[in-house]
$ cat run.pdb   # PDB, C-alpha atoms
ATOM      1  CA  MET A   4     -12.367  -1.967  38.396  1.00  0.00           C
ATOM      2  CA  PHE A   5      -9.729   0.730  38.650  1.00  0.00           C
ATOM      3  CA  LEU A   6     -11.233   3.401  36.400  1.00  0.00           C
ATOM      4  CA  MET A   7     -14.680   3.097  37.964  1.00  0.00           C
ATOM      5  CA  ASP A   8     -13.137   3.131  41.451  1.00  0.00           C
ATOM      6  CA  ASN A   9     -11.522   6.459  40.540  1.00  0.00           C
ATOM      7  CA  LEU A  10     -14.394   7.870  38.504  1.00  0.00           C
ATOM      8  CA  TRP A  11     -14.929  11.005  40.603  1.00  0.00           C
ATOM      9  CA  LYS A  12     -11.242  11.911  40.244  1.00  0.00           C
ATOM     10  CA  ILE A  13     -11.418  11.255  36.505  1.00  0.00           C
ATOM     11  CA  PHE A  14     -14.374  13.649  36.248  1.00  0.00           C
ATOM     12  CA  GLU A  15     -12.402  16.208  38.281  1.00  0.00           C
ATOM     13  CA  VAL A  16      -9.469  15.900  35.873  1.00  0.00           C
ATOM     14  CA  ALA A  17     -11.811  16.389  32.897  1.00  0.00           C
ATOM     15  CA  ARG A  18     -13.339  19.489  34.481  1.00  0.00           C
ATOM     16  CA  GLU A  19      -9.941  20.941  35.302  1.00  0.00           C
ATOM     17  CA  GLU A  20      -8.710  20.300  31.759  1.00  0.00           C
ATOM     18  CA  ARG A  21     -11.790  21.997  30.322  1.00  0.00           C
ATOM     19  CA  THR A  22     -11.394  25.084  32.488  1.00  0.00           C
ATOM     20  CA  ASP A  23      -7.612  25.575  32.629  1.00  0.00           C
ATOM     21  CA  GLY A  24      -7.544  28.170  29.846  1.00  0.00           C
ATOM     22  CA  ASP A  25      -5.415  26.274  27.347  1.00  0.00           C
ATOM     23  CA  ALA A  26      -6.645  25.226  23.931  1.00  0.00           C
ATOM     24  CA  VAL A  27      -7.172  21.586  24.923  1.00  0.00           C
ATOM     25  CA  ASN A  28     -10.739  20.590  25.749  1.00  0.00           C
ATOM     26  CA  SER A  29     -11.140  16.879  26.244  1.00  0.00           C
ATOM     27  CA  ASP A  30     -14.383  14.978  26.511  1.00  0.00           C
ATOM     28  CA  LEU A  31     -15.027  12.227  29.022  1.00  0.00           C
ATOM     29  CA  SER A  32     -13.854   9.565  26.587  1.00  0.00           C
ATOM     30  CA  TYR A  33     -10.346  11.032  26.836  1.00  0.00           C
ATOM     31  CA  ALA A  34     -10.434  11.818  30.577  1.00  0.00           C
ATOM     32  CA  PRO A  35      -9.075   8.420  31.718  1.00  0.00           C
ATOM     33  CA  ALA A  36      -5.995   8.955  29.526  1.00  0.00           C
ATOM     34  CA  LEU A  37      -5.437  12.372  31.124  1.00  0.00           C
ATOM     35  CA  PHE A  38      -5.830  10.842  34.589  1.00  0.00           C
ATOM     36  CA  LEU A  39      -3.406   8.002  33.835  1.00  0.00           C
ATOM     37  CA  ASN A  40      -0.909  10.388  32.250  1.00  0.00           C
ATOM     38  CA  ALA A  41      -0.972  12.490  35.416  1.00  0.00           C
ATOM     39  CA  LEU A  42      -0.340   9.385  37.538  1.00  0.00           C
ATOM     40  CA  GLU A  43       2.703   8.650  35.374  1.00  0.00           C
ATOM     41  CA  GLY A  44       4.097  12.138  36.019  1.00  0.00           C
ATOM     42  CA  GLY A  45       2.721  13.827  32.904  1.00  0.00           C
ATOM     43  CA  ASP A  46       0.244  16.653  33.248  1.00  0.00           C
ATOM     44  CA  THR A  47      -0.242  18.182  36.667  1.00  0.00           C
ATOM     45  CA  PHE A  48      -3.770  18.668  37.979  1.00  0.00           C
ATOM     46  CA  ALA A  49      -4.620  20.507  41.195  1.00  0.00           C
ATOM     47  CA  CYS A  50      -7.375  17.976  41.908  1.00  0.00           C
ATOM     48  CA  LEU A  51      -4.709  15.247  42.194  1.00  0.00           C
ATOM     49  CA  LYS A  52      -2.260  17.091  44.449  1.00  0.00           C
ATOM     50  CA  ASP A  53      -3.191  15.042  47.547  1.00  0.00           C
ATOM     51  CA  VAL A  54      -3.400  11.719  45.708  1.00  0.00           C
ATOM     52  CA  ASP A  55      -0.768   9.005  46.135  1.00  0.00           C
ATOM     53  CA  LYS A  56      -0.045   8.768  42.425  1.00  0.00           C
ATOM     54  CA  SER A  57       2.536   6.005  42.702  1.00  0.00           C
ATOM     55  CA  ALA A  58       0.130   3.765  44.652  1.00  0.00           C
ATOM     56  CA  LEU A  59      -2.626   4.374  42.107  1.00  0.00           C
ATOM     57  CA  LEU A  60      -0.239   3.730  39.241  1.00  0.00           C
ATOM     58  CA  GLU A  61       0.730   0.380  40.777  1.00  0.00           C
ATOM     59  CA  GLN A  62      -2.967  -0.519  41.074  1.00  0.00           C
ATOM     60  CA  TRP A  63      -3.443   0.394  37.415  1.00  0.00           C
ATOM     61  CA  LYS A  64      -0.486  -1.731  36.343  1.00  0.00           C
ATOM     62  CA  ALA A  65      -1.991  -4.731  38.170  1.00  0.00           C
ATOM     63  CA  GLU A  66      -5.411  -4.155  36.581  1.00  0.00           C
ATOM     64  CA  ASP A  67      -6.901  -5.883  33.554  1.00  0.00           C
ATOM     65  CA  GLN A  68      -6.561  -2.611  31.666  1.00  0.00           C
ATOM     66  CA  ALA A  69      -8.541  -3.584  28.583  1.00  0.00           C
ATOM     67  CA  ALA A  70     -11.468  -4.726  30.711  1.00  0.00           C
ATOM     68  CA  ALA A  71     -11.283  -1.582  32.863  1.00  0.00           C
ATOM     69  CA  LYS A  72     -11.374   0.651  29.767  1.00  0.00           C
ATOM     70  CA  ALA A  73     -14.278  -1.313  28.285  1.00  0.00           C
ATOM     71  CA  GLU A  74     -16.202  -1.031  31.547  1.00  0.00           C
ATOM     72  CA  TYR A  75     -15.601   2.733  31.649  1.00  0.00           C
ATOM     73  CA  ARG A  76     -16.785   3.163  28.040  1.00  0.00           C
ATOM     74  CA  ALA A  77     -19.883   1.041  28.673  1.00  0.00           C
ATOM     75  CA  VAL A  78     -20.966   2.967  31.769  1.00  0.00           C
ATOM     76  CA  VAL A  79     -19.784   6.510  30.990  1.00  0.00           C
ATOM     77  CA  GLY A  80     -19.509   6.709  27.221  1.00  0.00           C
ATOM     78  CA  SER A  81     -18.278  10.044  25.924  1.00  0.00           C
ATOM     79  CA  ASP A  82     -19.507  13.577  25.501  1.00  0.00           C
ATOM     80  CA  LEU A  83     -20.106  13.059  21.810  1.00  0.00           C
ATOM     81  CA  ASP A  84     -21.877   9.725  21.653  1.00  0.00           C
ATOM     82  CA  HIS A  85     -23.847   9.722  24.883  1.00  0.00           C
ATOM     83  CA  LEU A  86     -25.411  13.174  25.154  1.00  0.00           C
ATOM     84  CA  ASP A  87     -28.831  11.580  25.341  1.00  0.00           C
ATOM     85  CA  ALA A  88     -27.823   8.569  27.456  1.00  0.00           C
ATOM     86  CA  ARG A  89     -29.522   8.401  30.832  1.00  0.00           C
ATOM     87  CA  ARG A  90     -26.456   7.226  32.782  1.00  0.00           C
ATOM     88  CA  TYR A  91     -24.243   9.888  31.226  1.00  0.00           C
ATOM     89  CA  ARG A  92     -26.772  12.571  32.165  1.00  0.00           C
ATOM     90  CA  GLU A  93     -27.080  11.232  35.721  1.00  0.00           C
ATOM     91  CA  LEU A  94     -23.315  11.142  36.247  1.00  0.00           C
ATOM     92  CA  THR A  95     -22.648  14.573  34.808  1.00  0.00           C
ATOM     93  CA  ALA A  96     -25.592  16.200  36.617  1.00  0.00           C
ATOM     94  CA  ALA A  97     -24.528  14.761  39.973  1.00  0.00           C
ATOM     95  CA  PHE A  98     -20.896  15.734  39.391  1.00  0.00           C
ATOM     96  CA  THR A  99     -21.813  19.274  38.315  1.00  0.00           C
ATOM     97  CA  ALA A 100     -23.958  19.634  41.440  1.00  0.00           C
ATOM     98  CA  GLY A 101     -21.130  18.274  43.591  1.00  0.00           C
ATOM     99  CA  ASP A 102     -23.448  15.509  44.799  1.00  0.00           C
ATOM    100  CA  ARG A 103     -21.066  12.644  45.485  1.00  0.00           C
ATOM    101  CA  GLU A 104     -23.849  10.414  46.830  1.00  0.00           C
ATOM    102  CA  ALA A 105     -25.963  10.724  43.657  1.00  0.00           C
ATOM    103  CA  PHE A 106     -22.815  10.299  41.551  1.00  0.00           C
ATOM    104  CA  GLU A 107     -21.887   7.050  43.325  1.00  0.00           C
ATOM    105  CA  ALA A 108     -25.491   5.815  43.048  1.00  0.00           C
ATOM    106  CA  ALA A 109     -25.506   6.445  39.273  1.00  0.00           C
ATOM    107  CA  LYS A 110     -22.129   4.743  38.923  1.00  0.00           C
ATOM    108  CA  GLU A 111     -23.196   1.697  40.949  1.00  0.00           C
ATOM    109  CA  SER A 112     -26.462   1.470  39.025  1.00  0.00           C
ATOM    110  CA  GLY A 113     -24.540   1.536  35.757  1.00  0.00           C
ATOM    111  CA  LEU A 114     -22.149  -1.150  36.947  1.00  0.00           C
ATOM    112  CA  ALA A 115     -25.003  -3.338  38.181  1.00  0.00           C
ATOM    113  CA  GLU A 116     -26.755  -2.955  34.838  1.00  0.00           C
ATOM    114  CA  LEU A 117     -23.550  -3.722  32.946  1.00  0.00           C
ATOM    115  CA  HIS A 118     -22.685  -6.798  34.999  1.00  0.00           C
ATOM    116  CA  ALA A 119     -26.199  -8.218  35.427  1.00  0.00           C
ATOM    117  CA  PRO A 120     -26.501 -11.774  34.129  1.00  0.00           C
ATOM    118  CA  GLU A 121     -28.153 -11.734  30.732  1.00  0.00           C
ATOM    119  CA  GLY A 122     -31.618 -13.222  30.545  1.00  0.00           C
ATOM    120  CA  VAL A 123     -32.293 -12.863  34.253  1.00  0.00           C
ATOM    121  CA  ASP A 124     -34.982 -10.354  35.025  1.00  0.00           C
ATOM    122  CA  GLU A 125     -34.916  -8.762  38.434  1.00  0.00           C
ATOM    123  CA  PRO A 126     -38.246  -9.147  40.259  1.00  0.00           C
ATOM    124  CA  THR A 127     -40.272  -5.997  40.697  1.00  0.00           C
ATOM    125  CA  ASP A 128     -42.432  -5.262  43.721  1.00  0.00           C
ATOM    126  CA  GLY A 129     -44.960  -8.052  44.135  1.00  0.00           C
ATOM    127  CA  GLU A 130     -43.187 -10.452  41.739  1.00  0.00           C
ATOM    128  CA  GLU A 131     -41.148 -13.466  42.601  1.00  0.00           C
ATOM    129  CA  ALA A 132     -37.760 -14.155  41.057  1.00  0.00           C
ATOM    130  CA  GLN A 133     -37.931 -16.562  38.118  1.00  0.00           C
TER     131      GLN A 133
END

$ encode --input "run.pdb" --output "structure tokens"
Amino acid sequence: MFLMDNLWKIFEVAREERTDGDAVNSDLSYAPALFLNALEGGDTFACLKDVDKSALLEQWKAEDQAAAKAEYRAVVGSDLDHLDARRYRELTAAFTAGDREAFEAAKESGLAELHAPEGVDEPTDGEEAQ
């Protein structure tokens, strides 16, 4: 979904907002709103200068926005309520290190976990699927 497809950019927006010297420090629960506001012509972020904002905004408008926001919250959480969450730690550590590959792996793992059919256990090495 849209927010997860743009997760790296959303993290970049959050970092830029945290380090821009103004009094506003948003956590990752608010970062999608900052990102979307920038696409609509609101705040300006250097990390979005080469982004086709109008194309992204059209994608967002065509998205199931409630589902996209719920998916983001389920995988990422926020600074305040997920400090001890494994996925949150993986995403933030990879982003801080600039490791896009590890970041994408953590994101995809979170999405797979979120969208896995309930009650179906994945086979482990040496086990057959049930």

$ residues_around --input "run.pdb" --residues "A:Trp63" --least-positions-apart "5" --cutoff "10 Å" --atoms "all atoms listed in the file" --output "ChimeraX atom specification"
/A:4-6,39,42,57-58,68,71

$ closest_residue --input "run.pdb" --among "A:Ala97, A:Val79, A:Val54, A:Ala105" --to "A:Asp30" --atoms "only C-alpha atoms"
A:Val79

$ resolve_selection --input "run.pdb" --expression "the PyMOL selection byres ((chain A and resi 46-50) around 9)" --output "short mmCIF file (atom, residue, chain, number, x, y, z; two decimals) with C-alpha atoms, in the frame of the given file"
data_model
loop_
_atom_site.label_atom_id
_atom_site.label_comp_id
_atom_site.auth_asym_id
_atom_site.auth_seq_id
_atom_site.Cartn_x
_atom_site.Cartn_y
_atom_site.Cartn_z
CA LYS A 12 -11.24 11.91 40.24
CA GLU A 15 -12.40 16.21 38.28
CA VAL A 16 -9.47 15.90 35.87
CA GLU A 19 -9.94 20.94 35.30
CA GLU A 20 -8.71 20.30 31.76
CA LEU A 37 -5.44 12.37 31.12
CA PHE A 38 -5.83 10.84 34.59
CA ASN A 40 -0.91 10.39 32.25
CA ALA A 41 -0.97 12.49 35.42
CA LEU A 42 -0.34 9.38 37.54
CA GLU A 43 2.70 8.65 35.37
CA GLY A 44 4.10 12.14 36.02
CA GLY A 45 2.72 13.83 32.90
CA LEU A 51 -4.71 15.25 42.19
CA LYS A 52 -2.26 17.09 44.45
CA ASP A 53 -3.19 15.04 47.55
CA VAL A 54 -3.40 11.72 45.71
#

$ closest_residue --input "run.pdb" --among "A:Lys110, A:Arg89, A:His118, A:Lys72" --to "A:Leu10" --atoms "all atoms listed in the file"
A:Lys110

$ axis_aligned_box --input "run.pdb" --around "stretch 55-63 of chain A" --padding-each-side "5 Å" --output "JSON"
{"center_x": -0.5, "center_y": 4.2, "center_z": 41.8, "size_x": 16.0, "size_y": 19.5, "size_z": 18.7}

$ closest_residue --input "run.pdb" --among "A:Ser112, A:Thr99, A:Arg90, A:Glu74" --to "A:Phe14" --atoms "all atoms listed in the file"
A:Thr99

$ resolve_selection --input "run.pdb" --expression "the PyMOL selection byres ((chain A and resi 109) around 10)" --output "list of chain:residue names"
A:Val78, A:Arg89, A:Arg90, A:Tyr91, A:Arg92, A:Glu93, A:Leu94, A:Thr95, A:Ala97, A:Arg103, A:Glu104, A:Ala105, A:Phe106, A:Glu107, A:Ala108, A:Lys110, A:Glu111, A:Ser112, A:Gly113, A:Leu114, A:Ala115

$ closest_residue --input "run.pdb" --among "A:Met7, A:Ala17, A:Leu31, A:Ala119" --to "A:Gly80" --atoms "all atoms listed in the file"
A:Leu31

$ atom_distance --input "run.pdb" --atom1 "atom CA of A:Glu61" --atom2 "atom CA of A:Arg76"
21.8 Å

$ closest_residue --input "run.pdb" --among "A:Tyr75, A:Phe98, A:Asp55, A:Leu117" --to "A:Tyr33" --atoms "all atoms listed in the file"
A:Tyr75

$ atom_distance --input "run.pdb" --atom1 "atom CA of A:Ser32" --atom2 "atom CA of A:Asp67"
18.3 Å

$ atom_distance --input "run.pdb" --atom1 "atom CA of A:Asp102" --atom2 "atom CA of A:Ala73"
25.3 Å
